[in-house]
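> Handing you this structure, nothing more for now.
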Amino acid sequence: MSKLYLLRHAKAGWALPGMRDFDRPLDASGVADAETMGAVMRACNYIPDLTLCSNAKRARQTLEGLAGHTDTGRVLFLETLYSEDAAGYLNLIRGNGEPGSLLVVGHNPMTEDLTIALSGDGDEAARGMLNHGFPTSGLAVVRFPGSLANAAQGTGYLETFLTPADI
């Protein structure tokens with residue numbers, strides 16, 4: 001069995017004039033939410049062996065907030081997580097899918113689309129919450145019967161879906 005943790009970056013501020021979207025930092029509530037999600041991940045024993053993190057500033061800062069409260073395993077920063085679609089995310093996961101658990105700190109709509117595509121079944125409450133959207137700092141935990149290298153559409157089980165509003 002393997003687990004995939006899909007985390008949308010925390011809330012970022014608006015871009016200042018002349019600032020690229022890629023460089024937008026977290027706002028104060030985003031920093032607090034990232035730290036809260038790190039504490040929740042530790043309390044729930046959601047500890048990844050490997051983390052793939054978008055290289056966008058808000059994603060890196062989200063990971064920093066998590067890492068202050070939980071172990072994030074080995075970390076790889078990938079520019080492609082900023083621009084890839086859900087299929088691209090899945091290819092990155094499969095290519096790094098040998099660990100028993102993997103955290104992806106990414107962006108929407110890719111994170112939401114991938115969670116929905118992979119979750120053929122799941123906890124009824126978690127699926128219901130996901131139907132309302134994937135907010136910033138939202139965390140989906142998807143369980144697979146085998147290796148993440150073999151993850152495919154509909155083969156995962158959505159174990160839980162957590163948002164800062166639920167904690």
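To be explicit about the labels: the chains of the structure tokens are called A, B, and onward in the order shown, and within each one the residues are counted from 1, while ligands get numbers from 1 in the order they are shown.
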Identify, on the basis of only C-alpha atoms, every residue whose closest approach to A:Tyr82 does not exceed 9 Å; exclude the query and any residue fewer than 2 positions from it along the same chain; express the result as a ChimeraX atom specification.
/A:22,54-56,78-80,84-85,106-107
> Which of stretch 10-164 of chain A end up as alpha helix (DSSP H) when DSSP is run on this backbone - answer as a ChimeraX atom specification?
/A:28-43,57-67,80-83,86-95,110-118,124-130
> Using C-alpha atoms, can you export the residues from the last selection as an mmCIF file, in the first residue's frame?

data_model
loop_
_atom_site.group_PDB
_atom_site.id
_atom_site.type_symbol
_atom_site.label_atom_id
_atom_site.label_comp_id
_atom_site.auth_asym_id
_atom_site.auth_seq_id
_atom_site.Cartn_x
_atom_site.Cartn_y
_atom_site.Cartn_z
ATOM 1 C CA ALA A 28 -0.134 36.108 6.928
ATOM 2 C CA SER A 29 -3.107 33.725 6.903
ATOM 3 C CA GLY A 30 -1.295 31.495 4.407
ATOM 4 C CA VAL A 31 1.748 31.235 6.677
ATOM 5 C CA ALA A 32 -0.493 30.315 9.629
ATOM 6 C CA ASP A 33 -2.449 27.755 7.576
ATOM 7 C CA ALA A 34 0.743 26.079 6.313
ATOM 8 C CA GLU A 35 2.007 25.737 9.882
ATOM 9 C CA THR A 36 -1.364 24.348 11.008
ATOM 10 C CA MET A 37 -1.401 21.782 8.215
ATOM 11 C CA GLY A 38 2.118 20.704 9.177
ATOM 12 C CA ALA A 39 0.979 20.114 12.764
ATOM 13 C CA VAL A 40 -2.085 18.209 11.551
ATOM 14 C CA MET A 41 0.019 16.060 9.239
ATOM 15 C CA ARG A 42 2.277 15.142 12.144
ATOM 16 C CA ALA A 43 -0.678 14.389 14.450
ATOM 17 C CA LYS A 57 7.597 31.145 -4.056
ATOM 18 C CA ARG A 58 4.195 30.468 -2.443
ATOM 19 C CA ALA A 59 4.678 26.694 -2.719
ATOM 20 C CA ARG A 60 8.202 26.839 -1.272
ATOM 21 C CA GLN A 61 6.937 28.987 1.614
ATOM 22 C CA THR A 62 4.084 26.518 2.198
ATOM 23 C CA LEU A 63 6.638 23.720 2.473
ATOM 24 C CA GLU A 64 8.687 25.811 4.933
ATOM 25 C CA GLY A 65 5.581 26.206 7.109
ATOM 26 C CA LEU A 66 4.919 22.459 7.016
ATOM 27 C CA ALA A 67 8.540 21.568 7.680
ATOM 28 C CA THR A 80 7.251 21.934 -13.885
ATOM 29 C CA LEU A 81 4.764 21.670 -11.000
ATOM 30 C CA TYR A 82 3.935 25.330 -11.674
ATOM 31 C CA SER A 83 2.905 24.765 -15.284
ATOM 32 C CA ALA A 86 -2.973 17.014 -13.913
ATOM 33 C CA ALA A 87 -1.600 14.430 -16.368
ATOM 34 C CA GLY A 88 1.852 15.998 -16.022
ATOM 35 C CA TYR A 89 1.548 15.827 -12.224
ATOM 36 C CA LEU A 90 0.663 12.140 -12.498
ATOM 37 C CA ASN A 91 3.704 11.479 -14.698
ATOM 38 C CA LEU A 92 5.947 13.172 -12.109
ATOM 39 C CA ILE A 93 4.378 11.077 -9.337
ATOM 40 C CA ARG A 94 4.820 7.845 -11.303
ATOM 41 C CA GLY A 95 8.431 8.755 -12.065
ATOM 42 C CA MET A 110 -4.036 20.576 -11.227
ATOM 43 C CA THR A 111 -4.193 19.388 -7.607
ATOM 44 C CA GLU A 112 -7.978 19.217 -7.570
ATOM 45 C CA ASP A 113 -8.229 17.634 -11.021
ATOM 46 C CA LEU A 114 -5.678 14.963 -10.135
ATOM 47 C CA THR A 115 -7.341 14.137 -6.811
ATOM 48 C CA ILE A 116 -10.696 13.666 -8.519
ATOM 49 C CA ALA A 117 -9.203 11.635 -11.378
ATOM 50 C CA LEU A 118 -7.254 9.273 -9.122
ATOM 51 C CA GLU A 124 -18.065 9.626 1.658
ATOM 52 C CA ALA A 125 -17.455 12.728 3.798
ATOM 53 C CA ALA A 126 -14.091 13.406 2.133
ATOM 54 C CA ARG A 127 -15.592 13.057 -1.347
ATOM 55 C CA GLY A 128 -18.430 15.382 -0.371
ATOM 56 C CA MET A 129 -16.018 18.035 0.891
ATOM 57 C CA LEU A 130 -13.888 17.768 -2.259
#
> Can you check which residues of stretch 20-158 of chain A DSSP gives as strand (DSSP E) on the backbone and send them as a PyMOL selection string?
chain A and resi 50-54+74-78+101-106+119-122+139-144+156-158
> Which residues, written as a CSV table (one decimal) with all heavy atoms, in the first residue's frame, have at least one atom at most 10 Å from A:Asp166, with only C-alpha atoms counted and residues fewer than 4 positions away on the same chain left out?

chain,number,residue,atom,x,y,z
A,138,GLY,N,-5.5,23.1,1.3
A,138,GLY,CA,-6.3,21.8,1.3
A,138,GLY,C,-5.3,20.6,1.1
A,138,GLY,O,-4.4,20.7,0.4
A,161,PHE,N,-9.9,14.3,3.3
A,161,PHE,CA,-9.7,15.6,2.7
A,161,PHE,C,-9.8,16.7,3.8
A,161,PHE,O,-10.8,16.8,4.4
A,161,PHE,CB,-10.7,15.9,1.6
A,161,PHE,CG,-10.5,17.2,0.8
A,161,PHE,CD1,-9.4,17.4,0.1
A,161,PHE,CD2,-11.4,18.2,0.9
A,161,PHE,CE1,-9.2,18.6,-0.6
A,161,PHE,CE2,-11.3,19.4,0.3
A,161,PHE,CZ,-10.1,19.6,-0.5
A,162,LEU,N,-8.7,17.4,4.0
A,162,LEU,CA,-8.7,18.3,5.1
A,162,LEU,C,-8.4,19.7,4.6
A,162,LEU,O,-7.7,19.9,3.7
A,162,LEU,CB,-7.5,18.0,6.1
A,162,LEU,CG,-7.6,16.6,6.7
A,162,LEU,CD1,-6.2,16.3,7.4
A,162,LEU,CD2,-8.7,16.5,7.7
> Which value, in Å to one decimal, gives the distance between atom CA of A:Val142 and atom CA of A:Pro25?
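Atom-to-atom, atom CA of A:Val142 to atom CA of A:Pro25, that is 27.8 Å.
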> Skip A:Leu7 itself and residues of its chain fewer than 4 positions away, then list as number ranges by chain all residues within 7 Å of it, counting only C-alpha atoms.
A: 104-106, 137-140
> Residues of the last selection are to be written out with N, CA and C atoms, as a PDB file, in the first residue's frame.

ATOM      1  N   VAL A 104       2.932  16.041  -2.697  1.00  0.00           N
ATOM      2  CA  VAL A 104       3.078  17.001  -3.783  1.00  0.00           C
ATOM      3  C   VAL A 104       2.516  18.326  -3.288  1.00  0.00           C
ATOM      4  N   VAL A 105       3.348  19.358  -3.284  1.00  0.00           N
ATOM      5  CA  VAL A 105       2.904  20.712  -2.952  1.00  0.00           C
ATOM      6  C   VAL A 105       2.792  21.450  -4.275  1.00  0.00           C
ATOM      7  N   GLY A 106       1.546  21.660  -4.701  1.00  0.00           N
ATOM      8  CA  GLY A 106       1.337  22.213  -6.020  1.00  0.00           C
ATOM      9  C   GLY A 106       0.253  23.269  -6.077  1.00  0.00           C
ATOM     10  N   SER A 137      -4.225  25.456   0.993  1.00  0.00           N
ATOM     11  CA  SER A 137      -3.828  24.617   2.135  1.00  0.00           C
ATOM     12  C   SER A 137      -4.686  23.371   2.288  1.00  0.00           C
ATOM     13  N   GLY A 138      -5.505  23.059   1.297  1.00  0.00           N
ATOM     14  CA  GLY A 138      -6.268  21.815   1.331  1.00  0.00           C
ATOM     15  C   GLY A 138      -5.342  20.631   1.132  1.00  0.00           C
ATOM     16  N   LEU A 139      -5.637  19.537   1.837  1.00  0.00           N
ATOM     17  CA  LEU A 139      -4.819  18.325   1.766  1.00  0.00           C
ATOM     18  C   LEU A 139      -5.698  17.124   1.471  1.00  0.00           C
ATOM     19  N   ALA A 140      -5.414  16.449   0.360  1.00  0.00           N
ATOM     20  CA  ALA A 140      -6.083  15.198   0.018  1.00  0.00           C
ATOM     21  C   ALA A 140      -5.116  14.054   0.283  1.00  0.00           C
TER      22      ALA A 140
END
> Please measure the separation of atom CA of A:Asp21 and atom CA of A:Phe77, giving the value in Å to one decimal.
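The value is 17.3 Å.
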> Within 12 Å of A:Asp49, counting only C-alpha atoms, which residues show up once you throw out same-chain ones fewer than 4 positions away? Write them as a VMD selection string, please.
chain A and resid 2 to 5 45 70 to 76 96 to 104
> Work out how far apart atom CA of A:Lys11 and atom CA of A:Ala165 are and give it in Å to one decimal.
12.7 Å
